[in-house]
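Content type mmCIF, C-alpha atoms, from the file start_17.cif:
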```
data_protein
#
loop_
_atom_site.label_atom_id
_atom_site.label_comp_id
_atom_site.auth_asym_id
_atom_site.auth_seq_id
_atom_site.Cartn_x
_atom_site.Cartn_y
_atom_site.Cartn_z
CA MET Z 1165 24.04 13.85 -4.72
CA THR Z 1166 21.51 15.29 -2.26
CA ALA Z 1167 18.78 13.18 -0.69
CA LEU Z 1168 16.19 14.87 -2.91
CA GLU Z 1169 18.22 14.23 -6.06
CA ASP Z 1170 18.67 10.59 -5.06
CA ALA Z 1171 14.95 10.11 -4.32
CA THR Z 1172 13.94 11.65 -7.67
CA GLU Z 1173 16.68 10.00 -9.73
CA HIS Z 1174 14.20 8.67 -12.29
CA GLN Z 1175 11.58 11.39 -11.85
CA LEU Z 1176 13.14 14.32 -13.70
CA ARG Z 1177 9.97 16.41 -13.97
CA ALA Z 1178 9.26 15.98 -10.26
CA ARG Z 1179 12.87 16.83 -9.41
CA SER Z 1180 12.71 20.00 -11.50
CA ALA Z 1181 9.45 21.12 -9.89
CA LEU Z 1182 10.64 20.46 -6.34
CA THR Z 1183 14.02 22.09 -6.90
CA SER Z 1184 12.29 25.19 -8.26
CA ALA Z 1185 9.91 25.20 -5.28
CA LEU Z 1186 12.80 25.18 -2.83
CA ARG Z 1187 14.57 27.94 -4.74
CA GLU Z 1188 11.51 30.20 -5.10
CA GLY Z 1189 9.73 29.27 -1.87
CA PRO Z 1190 7.52 26.21 -1.34
CA SER Z 1191 3.78 26.31 -1.79
CA HIS Z 1192 1.45 25.77 1.17
CA ALA Z 1193 0.07 22.49 -0.22
CA TYR Z 1194 1.18 19.71 -2.58
CA LEU Z 1195 -0.34 16.54 -4.00
CA PHE Z 1196 2.29 13.94 -4.92
CA ILE Z 1197 0.53 11.59 -7.33
CA GLY Z 1198 1.76 8.52 -9.18
CA PRO Z 1199 1.87 4.72 -9.17
CA ALA Z 1200 2.69 2.82 -6.01
CA GLY Z 1201 6.41 2.27 -5.59
CA SER Z 1202 7.43 5.22 -7.78
CA GLY Z 1203 9.38 6.94 -4.99
CA LYS Z 1204 6.78 9.45 -3.81
CA SER Z 1205 7.27 8.90 -0.08
CA ALA Z 1206 11.08 9.08 -0.24
CA SER Z 1207 10.83 12.26 -2.31
CA VAL Z 1208 8.38 13.82 0.14
CA ARG Z 1209 10.66 13.03 3.07
CA ALA Z 1210 13.67 14.61 1.34
CA PHE Z 1211 11.58 17.62 0.25
CA ALA Z 1212 10.18 18.08 3.76
CA ALA Z 1213 13.71 17.90 5.20
CA GLU Z 1214 14.80 20.77 2.93
CA ILE Z 1215 11.72 22.85 3.82
CA LEU Z 1216 12.43 22.44 7.53
CA ALA Z 1217 16.16 23.06 7.14
CA ASN Z 1218 15.48 26.46 5.59
CA GLY Z 1219 15.38 28.81 8.55
CA SER Z 1220 16.52 26.19 11.04
CA PRO Z 1221 19.26 27.17 13.54
CA ASP Z 1222 20.99 23.85 12.72
CA PRO Z 1223 20.12 22.83 9.14
CA GLU Z 1224 22.22 19.64 9.09
CA SER Z 1225 20.69 18.32 12.30
CA THR Z 1226 17.23 19.18 10.98
CA ARG Z 1227 17.84 17.32 7.72
CA ARG Z 1228 19.23 14.29 9.51
CA ARG Z 1229 16.28 13.99 11.89
CA ALA Z 1230 13.67 14.70 9.22
CA MET Z 1231 15.07 11.92 7.03
CA LEU Z 1232 14.60 9.29 9.75
CA ASP Z 1233 11.52 7.08 9.61
CA PRO Z 1234 9.83 7.57 11.97
CA SER Z 1235 11.18 11.08 12.33
CA PRO Z 1236 11.82 12.57 15.78
CA HIS Z 1237 11.66 16.11 14.41
CA PRO Z 1238 8.79 17.91 16.21
CA ASP Z 1239 7.85 20.00 13.17
CA LEU Z 1240 7.39 17.05 10.82
CA VAL Z 1241 4.04 15.33 11.31
CA TRP Z 1242 3.57 12.19 9.21
CA LEU Z 1243 0.13 10.55 9.11
CA ARG Z 1244 -0.25 6.97 7.95
CA PRO Z 1245 -3.60 5.17 7.80
CA VAL Z 1246 -4.19 2.70 10.59
CA GLY Z 1247 -5.67 -0.24 8.76
CA MET Z 1248 -7.42 0.68 5.52
CA SER Z 1249 -8.34 4.31 6.22
CA HIS Z 1250 -7.40 7.53 8.00
CA ALA Z 1251 -9.60 8.20 11.00
CA VAL Z 1252 -11.14 11.67 10.83
CA ALA Z 1253 -10.41 12.14 14.55
CA GLU Z 1254 -6.69 11.61 13.93
CA VAL Z 1255 -6.70 14.04 11.00
CA ARG Z 1256 -8.28 16.68 13.23
CA GLU Z 1257 -6.00 15.95 16.20
CA ARG Z 1258 -2.66 15.69 14.38
CA LEU Z 1259 -3.11 18.01 11.39
CA ILE Z 1260 -6.01 20.46 11.51
CA ARG Z 1261 -5.68 21.60 15.14
CA PRO Z 1262 -1.86 21.83 15.38
CA ALA Z 1263 -1.35 23.45 11.94
CA PRO Z 1264 -1.85 27.03 13.25
CA LEU Z 1265 0.59 26.49 16.13
CA LYS Z 1266 4.05 28.01 15.82
CA PRO Z 1267 6.97 25.74 14.90
CA PHE Z 1268 8.89 24.18 17.78
CA GLU Z 1269 12.36 24.79 16.31
CA GLY Z 1270 12.67 26.59 12.99
CA ALA Z 1271 10.46 28.71 10.80
CA ARG Z 1272 8.18 26.04 9.30
CA ARG Z 1273 6.10 22.95 9.96
CA VAL Z 1274 5.34 20.16 7.48
CA PHE Z 1275 2.29 17.88 7.66
CA VAL Z 1276 2.34 14.78 5.45
CA VAL Z 1277 -0.65 12.54 4.73
CA GLU Z 1278 0.54 9.22 3.30
CA SER Z 1279 -1.95 7.14 1.29
CA ALA Z 1280 -4.25 10.14 0.96
CA GLU Z 1281 -6.64 8.02 -1.11
CA ALA Z 1282 -7.49 6.38 2.24
CA LEU Z 1283 -9.00 9.67 3.46
CA ASN Z 1284 -12.77 9.44 3.45
CA GLU Z 1285 -14.91 12.33 2.25
CA GLU Z 1286 -15.46 13.64 5.79
CA SER Z 1287 -11.72 13.78 6.46
CA GLN Z 1288 -11.00 15.54 3.17
CA ASN Z 1289 -13.75 18.11 3.73
CA ALA Z 1290 -12.43 18.73 7.24
CA MET Z 1291 -9.05 19.72 5.73
CA LEU Z 1292 -10.52 22.27 3.32
CA LYS Z 1293 -10.33 25.30 5.62
CA THR Z 1294 -6.69 24.54 6.42
CA LEU Z 1295 -6.00 24.31 2.68
CA GLU Z 1296 -7.95 27.48 1.89
CA GLU Z 1297 -6.51 29.57 4.73
CA PRO Z 1298 -3.14 27.98 5.50
CA PRO Z 1299 -1.00 29.39 8.29
CA PRO Z 1300 2.11 31.03 6.73
CA HIS Z 1301 4.47 28.55 8.39
CA ALA Z 1302 2.53 25.35 7.54
CA HIS Z 1303 3.02 23.14 4.49
CA LEU Z 1304 0.68 20.22 3.74
CA ILE Z 1305 1.74 17.35 1.49
CA LEU Z 1306 -0.66 14.63 0.35
CA ILE Z 1307 0.68 11.40 -1.17
CA ALA Z 1308 -1.67 9.33 -3.32
CA SER Z 1309 -1.59 6.62 -5.96
CA GLU Z 1310 -5.19 7.19 -7.13
CA GLU Z 1311 -5.93 10.77 -8.12
CA GLN Z 1312 -9.63 10.04 -8.60
CA ALA Z 1313 -9.89 9.25 -4.88
CA ILE Z 1314 -8.99 12.85 -3.99
CA LEU Z 1315 -11.90 15.29 -3.97
CA PRO Z 1316 -11.57 17.97 -6.70
CA THR Z 1317 -12.01 20.65 -4.04
CA VAL Z 1318 -8.91 19.28 -2.27
CA ALA Z 1319 -6.80 18.57 -5.36
CA SER Z 1320 -7.47 22.04 -6.81
CA ARG Z 1321 -5.91 23.65 -3.74
CA CYS Z 1322 -2.69 21.66 -4.06
CA GLN Z 1323 0.24 21.95 -6.44
CA LEU Z 1324 0.42 18.68 -8.36
CA ILE Z 1325 3.74 16.79 -8.47
CA GLY Z 1326 3.45 13.86 -10.86
CA PHE Z 1327 5.45 10.63 -10.66
CA GLU Z 1328 5.83 7.89 -13.24
CA ALA Z 1329 6.47 4.16 -12.84
CA VAL Z 1330 10.14 3.42 -12.17
CA PRO Z 1331 11.88 1.78 -15.18
CA GLU Z 1332 12.37 -1.96 -14.74
CA GLY Z 1333 16.13 -1.67 -15.24
CA SER Z 1334 16.41 0.77 -12.35
CA ILE Z 1335 14.25 -1.43 -10.11
CA ALA Z 1336 16.32 -4.51 -10.90
CA SER Z 1337 19.55 -2.69 -10.10
CA ARG Z 1338 18.17 -1.53 -6.74
CA LEU Z 1339 17.41 -5.06 -5.55
CA GLY Z 1340 21.07 -5.58 -4.68
CA PRO Z 1341 23.86 -7.95 -5.67
CA SER Z 1342 22.46 -10.81 -3.57
CA VAL Z 1343 19.53 -11.21 -6.02
CA ALA Z 1344 20.40 -13.19 -9.17
CA PRO Z 1345 20.06 -11.07 -12.36
CA ASP Z 1346 17.24 -13.18 -13.87
CA LYS Z 1347 15.32 -13.12 -10.59
CA ALA Z 1348 15.85 -9.36 -10.20
CA LEU Z 1349 14.56 -8.76 -13.73
CA ALA Z 1350 11.54 -11.00 -13.05
CA ALA Z 1351 10.73 -9.16 -9.82
CA ALA Z 1352 11.04 -5.80 -11.60
CA ARG Z 1353 8.77 -6.84 -14.47
CA LEU Z 1354 6.18 -8.49 -12.26
CA ALA Z 1355 6.09 -5.42 -10.01
CA ARG Z 1356 5.16 -3.18 -12.98
CA GLY Z 1357 7.07 -0.15 -11.79
CA ASP Z 1358 6.50 -0.61 -8.05
CA LEU Z 1359 9.83 -0.81 -6.24
CA GLY Z 1360 8.20 -1.95 -3.00
CA ARG Z 1361 6.46 -4.84 -4.72
CA ALA Z 1362 9.69 -5.77 -6.49
CA ARG Z 1363 11.52 -5.99 -3.17
CA LEU Z 1364 8.72 -8.18 -1.82
CA LEU Z 1365 8.83 -10.45 -4.86
CA ALA Z 1366 12.63 -10.75 -4.69
CA GLY Z 1367 12.54 -11.91 -1.07
CA PRO Z 1368 11.41 -15.06 0.76
CA ARG Z 1369 7.74 -14.01 0.96
CA GLY Z 1370 7.78 -13.24 -2.74
CA ASP Z 1371 9.30 -16.65 -3.43
CA GLY Z 1372 6.36 -18.20 -1.61
CA ILE Z 1373 3.78 -16.16 -3.54
CA ARG Z 1374 5.38 -16.97 -6.89
CA ALA Z 1375 5.68 -20.67 -6.02
CA SER Z 1376 2.01 -20.88 -5.02
CA VAL Z 1377 0.97 -19.19 -8.27
CA GLU Z 1378 3.19 -21.45 -10.37
CA ASN Z 1379 1.73 -24.50 -8.64
CA MET Z 1380 -1.81 -23.25 -9.29
CA MET Z 1381 -1.16 -22.48 -12.97
CA THR Z 1382 0.55 -25.83 -13.48
CA GLY Z 1383 -2.46 -27.59 -11.95
CA VAL Z 1384 -4.74 -25.65 -14.28
CA LEU Z 1385 -2.70 -26.61 -17.33
CA GLU Z 1386 -2.44 -30.30 -16.40
CA ASP Z 1387 -6.05 -30.57 -15.18
CA GLU Z 1388 -4.80 -31.54 -11.72
CA LEU Z 1389 -7.04 -29.59 -9.37
CA ALA Z 1390 -7.90 -32.33 -6.89
CA GLY Z 1391 -5.42 -30.86 -4.43
CA SER Z 1392 -7.08 -27.41 -4.58
CA PRO Z 1393 -3.87 -25.54 -5.49
CA TRP Z 1394 -5.63 -22.18 -5.15
CA LEU Z 1395 -5.63 -22.72 -1.38
CA ASP Z 1396 -1.86 -22.14 -1.31
CA VAL Z 1397 -2.45 -18.71 -2.85
CA LEU Z 1398 -5.06 -17.95 -0.20
CA ALA Z 1399 -2.71 -19.18 2.53
CA ALA Z 1400 -0.01 -16.73 1.41
CA ALA Z 1401 -2.55 -13.89 1.50
CA THR Z 1402 -3.82 -14.95 4.94
CA SER Z 1403 -0.29 -15.09 6.33
CA SER Z 1404 0.40 -11.54 5.15
CA GLY Z 1405 -2.88 -10.35 6.64
CA ASP Z 1406 -2.08 -11.89 10.02
CA ALA Z 1407 1.39 -10.31 10.03
CA ALA Z 1408 -0.09 -6.88 9.24
CA ALA Z 1409 -2.69 -7.25 11.99
CA GLU Z 1410 0.05 -8.10 14.48
CA ARG Z 1411 2.04 -5.01 13.46
CA VAL Z 1412 -0.97 -2.73 13.91
CA GLU Z 1413 -1.75 -4.27 17.31
CA THR Z 1414 1.82 -3.50 18.38
CA GLU Z 1415 1.61 0.08 17.05
CA LEU Z 1416 -1.70 0.74 18.81
CA ALA Z 1417 -0.36 -0.71 22.06
CA ALA Z 1418 2.61 1.66 21.86
CA GLU Z 1419 0.30 4.62 21.19
CA SER Z 1420 -1.85 3.59 24.15
CA GLU Z 1421 1.20 3.67 26.41
CA GLU Z 1422 1.87 7.21 25.15
CA GLY Z 1423 -1.62 8.30 26.18
CA VAL Z 1424 -3.58 7.93 22.92
CA LYS Z 1425 -7.05 6.68 23.85
CA ARG Z 1426 -9.11 4.35 21.66
CA THR Z 1427 -12.13 2.24 22.45
CA LYS Z 1428 -11.89 -1.52 22.20
CA LYS Z 1429 -14.06 -1.43 19.08
CA GLU Z 1430 -11.85 1.20 17.42
CA THR Z 1431 -8.81 -0.96 18.09
CA GLU Z 1432 -10.49 -4.11 16.82
CA ASP Z 1433 -11.71 -2.30 13.70
CA ALA Z 1434 -8.23 -0.93 12.95
CA VAL Z 1435 -6.67 -4.38 13.32
CA SER Z 1436 -9.38 -5.92 11.15
CA ARG Z 1437 -8.88 -3.30 8.43
CA ALA Z 1438 -5.13 -3.86 8.45
CA ARG Z 1439 -5.57 -7.61 8.12
CA ARG Z 1440 -8.04 -7.20 5.27
CA ARG Z 1441 -5.91 -4.62 3.45
CA ALA Z 1442 -2.76 -6.75 3.53
CA ARG Z 1443 -4.64 -9.94 2.65
CA THR Z 1444 -6.39 -8.43 -0.35
CA GLY Z 1445 -3.17 -6.70 -1.44
CA VAL Z 1446 -1.24 -9.98 -1.57
CA LEU Z 1447 -4.16 -11.76 -3.21
CA ASP Z 1448 -4.31 -9.09 -5.91
CA LEU Z 1449 -0.53 -9.35 -6.36
CA ALA Z 1450 -0.80 -13.13 -6.70
CA LEU Z 1451 -3.47 -12.78 -9.40
CA SER Z 1452 -1.30 -10.22 -11.18
CA VAL Z 1453 1.55 -12.74 -11.11
CA ALA Z 1454 -0.84 -15.42 -12.42
CA ALA Z 1455 -1.85 -13.16 -15.32
CA SER Z 1456 1.82 -12.60 -16.08
CA TRP Z 1457 2.36 -16.39 -16.11
CA ALA Z 1458 -0.44 -16.78 -18.66
CA ARG Z 1459 0.98 -13.93 -20.75
CA ASP Z 1460 4.33 -15.71 -20.65
CA TRP Z 1461 2.70 -18.81 -22.07
CA ALA Z 1462 1.52 -16.69 -25.01
CA ALA Z 1463 4.99 -15.16 -25.39
CA ALA Z 1464 6.60 -18.61 -25.31
CA VAL Z 1465 4.22 -19.88 -28.00
CA ALA Z 1466 5.17 -16.86 -30.12
CA GLY Z 1467 8.88 -17.42 -29.48
CA ALA Z 1468 9.21 -14.02 -27.77
CA ASP Z 1469 11.34 -15.01 -24.78
CA GLU Z 1470 12.74 -11.47 -24.52
CA VAL Z 1471 9.42 -10.16 -23.16
CA LEU Z 1472 8.83 -12.85 -20.53
CA PHE Z 1473 7.70 -11.53 -17.15
CA ASN Z 1474 9.35 -14.58 -15.55
CA PRO Z 1475 12.72 -14.88 -17.32
CA ASP Z 1476 14.07 -16.94 -14.43
CA ARG Z 1477 11.41 -19.60 -15.20
CA ALA Z 1478 11.85 -19.53 -18.98
CA ASP Z 1479 12.64 -23.25 -19.37
CA ILE Z 1480 9.51 -24.31 -17.48
CA LEU Z 1481 7.33 -21.84 -19.39
CA ARG Z 1482 8.61 -23.01 -22.78
CA GLU Z 1483 7.96 -26.63 -21.83
CA GLN Z 1484 4.45 -25.88 -20.57
CA ALA Z 1485 3.62 -23.85 -23.69
CA ARG Z 1486 4.63 -26.62 -26.07
CA GLY Z 1487 1.65 -27.31 -28.35
CA MET Z 1488 -0.53 -24.70 -26.59
CA ARG Z 1489 -2.99 -22.52 -28.48
CA ILE Z 1490 -1.95 -18.90 -28.05
CA GLY Z 1491 -5.61 -17.93 -27.89
CA ALA Z 1492 -6.13 -20.11 -24.80
CA ALA Z 1493 -3.31 -18.32 -22.98
CA ARG Z 1494 -4.78 -14.93 -23.86
CA ASP Z 1495 -8.24 -16.02 -22.75
CA ALA Z 1496 -6.74 -17.08 -19.41
CA VAL Z 1497 -5.43 -13.54 -18.93
CA VAL Z 1498 -8.95 -12.20 -19.48
CA LEU Z 1499 -10.42 -14.65 -16.94
CA ILE Z 1500 -7.85 -13.63 -14.33
CA ALA Z 1501 -8.55 -9.93 -14.92
CA ASP Z 1502 -12.27 -10.60 -14.47
CA THR Z 1503 -11.60 -12.39 -11.18
CA ARG Z 1504 -9.48 -9.48 -9.92
CA ARG Z 1505 -12.38 -7.12 -10.61
CA ARG Z 1506 -14.93 -9.39 -8.94
CA LEU Z 1507 -12.83 -9.68 -5.78
CA ASN Z 1508 -13.34 -5.93 -5.31
CA LEU Z 1509 -17.06 -6.66 -4.91
CA ASN Z 1510 -16.52 -8.67 -1.70
CA VAL Z 1511 -17.27 -12.04 -3.27
CA SER Z 1512 -15.95 -15.17 -1.58
CA GLU Z 1513 -12.23 -15.27 -2.32
CA GLU Z 1514 -12.00 -19.04 -2.09
CA LEU Z 1515 -14.97 -19.64 -4.38
CA ALA Z 1516 -13.73 -17.01 -6.84
CA LEU Z 1517 -10.30 -18.65 -7.10
CA GLU Z 1518 -11.78 -22.11 -7.36
CA ALA Z 1519 -14.09 -21.00 -10.17
CA LEU Z 1520 -11.19 -19.29 -11.92
CA CYS Z 1521 -9.08 -22.44 -11.87
CA PHE Z 1522 -11.82 -24.64 -13.28
CA ARG Z 1523 -12.68 -22.09 -15.97
CA MET Z 1524 -9.03 -21.87 -17.03
CA THR Z 1525 -8.67 -25.65 -17.00
CA ARG Z 1526 -11.44 -25.90 -19.58
CA LEU Z 1527 -9.46 -23.57 -21.85
CA PHE Z 1528 -6.45 -25.86 -21.93
CA ASN Z 1529 -8.25 -29.22 -21.57
CA PRO Z 1530 -11.42 -28.97 -23.68
CA ALA Z 1531 -13.72 -31.98 -23.50
#
```
Taking this structure as input, can you express it in the form of structure tokens?
Amino acid sequence: MTALEDATEHQLRARSALTSALREGPSHAYLFIGPAGSGKSASVRAFAAEILANGSPDPESTRRRAMLDPSPHPDLVWLRPVGMSHAVAEVRERLIRPAPLKPFEGARRVFVVESAEALNEESQNAMLKTLEEPPPHAHLILIASEEQAILPTVASRCQLIGFEAVPEGSIASRLGPSVAPDKALAAARLARGDLGRARLLAGPRGDGIRASVENMMTGVLEDELAGSPWLDVLAAATSSGDAAAERVETELAAESEEGVKRTKKETEDAVSRARRRARTGVLDLALSVAASWARDWAAAVAGADEVLFNPDRADILREQARGMRIGAARDAVVLIADTRRRLNLNVSEELALEALCFRMTRLFNPA
């Protein structure tokens, strides 16, 4: 099985389109679109490796280097957002200006923009001329999870490659033999088709997130909120944000040593964006897990254990759901969804979680 076939194992339409593109000659621009964790980045890397190998004096060496992350191949340029967005200056410096330059080794160059939804309008407009009048040797690939974030003028100039959520059975099998089957199934279901999230949830950090959510939901059910159990959820999000900020600081320091110049404010802003992005991402994941816990209460009341999101916690869920009104569990899901939406409006995270817990408590412990 080739790297491209492996990356698109559960994306048959994408595999067919990419295989045809390689056979007939790749387009100048692509938009890989689909849910997070559906294998877009791995597929792009394998596809780019094949594009570069065609016309290379040493195809096997080209494929091997292109498949590395980060790749040392000089004709593969891979842009990732620093923090929460792509800087327009970096898009100009690493994509727009070098695109017309001849390849260093083979016949082609590939420019990849990961998380293209993080491109602001200025950055996307700056790319339009390159998309409209592409150099014959250049291929641009955008990767995005939110199609609506891509300007129509940009999307219309790209060939669309659609991806679907990875089936839960496939995700569970990819978590490895060290993960117990019930836990692997839980991670796959809670991740909702996102392999990256499933791997997080199956590991130590995921254990901590799930434990903090279980503690919060148990406190809600038992009307035991004096210990502010929502603070454990916030602590898990804060820890992830701090770790992301540290990674970005390290990356920027390495770039500085290589001669990339940034002002102190640009560096501080990038670190701050990275911290915020990771923090809010984990907080949103925790609320998604909380909604799944409430849905599991409803499933347990209905005797539908086969659809539990948390099959590895089935005994606890059944015990907690004993005597519960199924309507209360469903109302809790609605309250959690409302809180997730409100957090996108920059409300106080701590106050929002506190309010959520007290509102849910009233559902299960009416006066």
Spell out the residues picked by the PyMOL selection byres ((chain Z and resi 1231-1242) around 8) here, as a PDB file with C-alpha atoms, in the coordinates of the input.
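Saved to out-v5.pdb:
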```
ATOM      1  CA  ARG Z1209      10.660  13.030   3.070  1.00  0.00           C
ATOM      2  CA  ALA Z1210      13.670  14.610   1.340  1.00  0.00           C
ATOM      3  CA  ALA Z1212      10.180  18.080   3.760  1.00  0.00           C
ATOM      4  CA  ALA Z1213      13.710  17.900   5.200  1.00  0.00           C
ATOM      5  CA  LEU Z1216      12.430  22.440   7.530  1.00  0.00           C
ATOM      6  CA  THR Z1226      17.230  19.180  10.980  1.00  0.00           C
ATOM      7  CA  ARG Z1227      17.840  17.320   7.720  1.00  0.00           C
ATOM      8  CA  ARG Z1228      19.230  14.290   9.510  1.00  0.00           C
ATOM      9  CA  ARG Z1229      16.280  13.990  11.890  1.00  0.00           C
ATOM     10  CA  ALA Z1230      13.670  14.700   9.220  1.00  0.00           C
ATOM     11  CA  LEU Z1243       0.130  10.550   9.110  1.00  0.00           C
ATOM     12  CA  ARG Z1244      -0.250   6.970   7.950  1.00  0.00           C
ATOM     13  CA  ARG Z1258      -2.660  15.690  14.380  1.00  0.00           C
ATOM     14  CA  LEU Z1259      -3.110  18.010  11.390  1.00  0.00           C
ATOM     15  CA  PRO Z1267       6.970  25.740  14.900  1.00  0.00           C
ATOM     16  CA  PHE Z1268       8.890  24.180  17.780  1.00  0.00           C
ATOM     17  CA  GLU Z1269      12.360  24.790  16.310  1.00  0.00           C
ATOM     18  CA  ARG Z1272       8.180  26.040   9.300  1.00  0.00           C
ATOM     19  CA  ARG Z1273       6.100  22.950   9.960  1.00  0.00           C
ATOM     20  CA  VAL Z1274       5.340  20.160   7.480  1.00  0.00           C
ATOM     21  CA  PHE Z1275       2.290  17.880   7.660  1.00  0.00           C
ATOM     22  CA  VAL Z1276       2.340  14.780   5.450  1.00  0.00           C
ATOM     23  CA  VAL Z1277      -0.650  12.540   4.730  1.00  0.00           C
ATOM     24  CA  GLU Z1278       0.540   9.220   3.300  1.00  0.00           C
TER      25      GLU Z1278
END
```
Apply the PyMOL selection byres ((chain Z and resi 1528) around 8) to the file shown and report the selected residues as a PDB file with C-alpha atoms, in the frame of the given file.
```pdb
ATOM      1  CA  VAL Z1384      -4.740 -25.650 -14.280  1.00  0.00           C
ATOM      2  CA  LEU Z1385      -2.700 -26.610 -17.330  1.00  0.00           C
ATOM      3  CA  MET Z1488      -0.530 -24.700 -26.590  1.00  0.00           C
ATOM      4  CA  ALA Z1492      -6.130 -20.110 -24.800  1.00  0.00           C
ATOM      5  CA  MET Z1524      -9.030 -21.870 -17.030  1.00  0.00           C
ATOM      6  CA  THR Z1525      -8.670 -25.650 -17.000  1.00  0.00           C
ATOM      7  CA  ARG Z1526     -11.440 -25.900 -19.580  1.00  0.00           C
ATOM      8  CA  LEU Z1527      -9.460 -23.570 -21.850  1.00  0.00           C
ATOM      9  CA  ASN Z1529      -8.250 -29.220 -21.570  1.00  0.00           C
ATOM     10  CA  PRO Z1530     -11.420 -28.970 -23.680  1.00  0.00           C
TER      11      PRO Z1530
END
```
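From atom CA of Ala1251 of chain Z back to atom CA of Leu1416 of chain Z, the distance works out to 13.4 Å.
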Q | Residues within 8 Å of Ala1178 of chain Z, all atoms listed in the file, excluding chain neighbours under 4 positions, as a ChimeraX atom specification | A | /Z:1172,1182,1325-1327
Put those residues in a file: C-alpha atoms, as a PDB file, in the coordinates of the input.
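Dumped everything to selection_21.pdb:
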```
ATOM      1  CA  THR Z1172      13.940  11.650  -7.670  1.00  0.00           C
ATOM      2  CA  LEU Z1182      10.640  20.460  -6.340  1.00  0.00           C
ATOM      3  CA  ILE Z1325       3.740  16.790  -8.470  1.00  0.00           C
ATOM      4  CA  GLY Z1326       3.450  13.860 -10.860  1.00  0.00           C
ATOM      5  CA  PHE Z1327       5.450  10.630 -10.660  1.00  0.00           C
TER       6      PHE Z1327
END
```
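For the pair atom CA of Pro1199 of chain Z and atom CA of Ala1329 of chain Z, the interatomic distance is 5.9 Å.
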Q. Any idea what's packed within 12 Å of Glu1296 of chain Z, counting all atoms listed in the file, ignoring anything in its chain fewer than 6 positions away? Could you give it as a PyMOL selection string?
A. chain Z and resi 1192-1193+1289-1290+1304+1317-1322
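For the choices Z:Ala1418, Z:Ala1336, Z:Ala1455, Z:Leu1306, the atom-to-atom distance to Arg1374 of chain Z is smallest for Z:Ala1455 when using all atoms listed in the file.
The two atoms in question, atom CA of Arg1506 of chain Z and atom CA of Ala1442 of chain Z, are spaced 17.6 Å apart.
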Q: Excluding segment 1307-1310 of chain Z and residues on its chain fewer than 5 positions from it, collect all residues at most 9 Å away from it, counting all atoms listed in the file, and give them as an MDAnalysis selection string.
A: chainID Z and resid 1194:1200 1204:1205 1208 1276:1282
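Between Thr1414 of chain Z and the residues Z:Val1435, Z:Ala1206, Z:Leu1295, Z:Leu1520, the shortest atom-to-atom distance, using only C-alpha atoms, involves Z:Val1435.
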Q: Report the residues retrieved by the PyMOL selection byres ((chain Z and resi 1361-1363) around 8) from the displayed file, expressed as a PyMOL selection string.
A: chain Z and resi 1201+1335+1339+1351-1352+1354-1355+1358-1360+1364-1367
Q) Counting all atoms listed in the file, what is within 8 Å of His1174 of chain Z, bar same-chain residues fewer than 2 positions away, as a ChimeraX atom specification? A) /Z:1172,1176,1330-1331
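When only C-alpha atoms are used to measure the gap to Pro1262 of chain Z, the shortest distance among Z:Arg1477, Z:Lys1425, Z:His1301, Z:Arg1505 belongs to Z:His1301.
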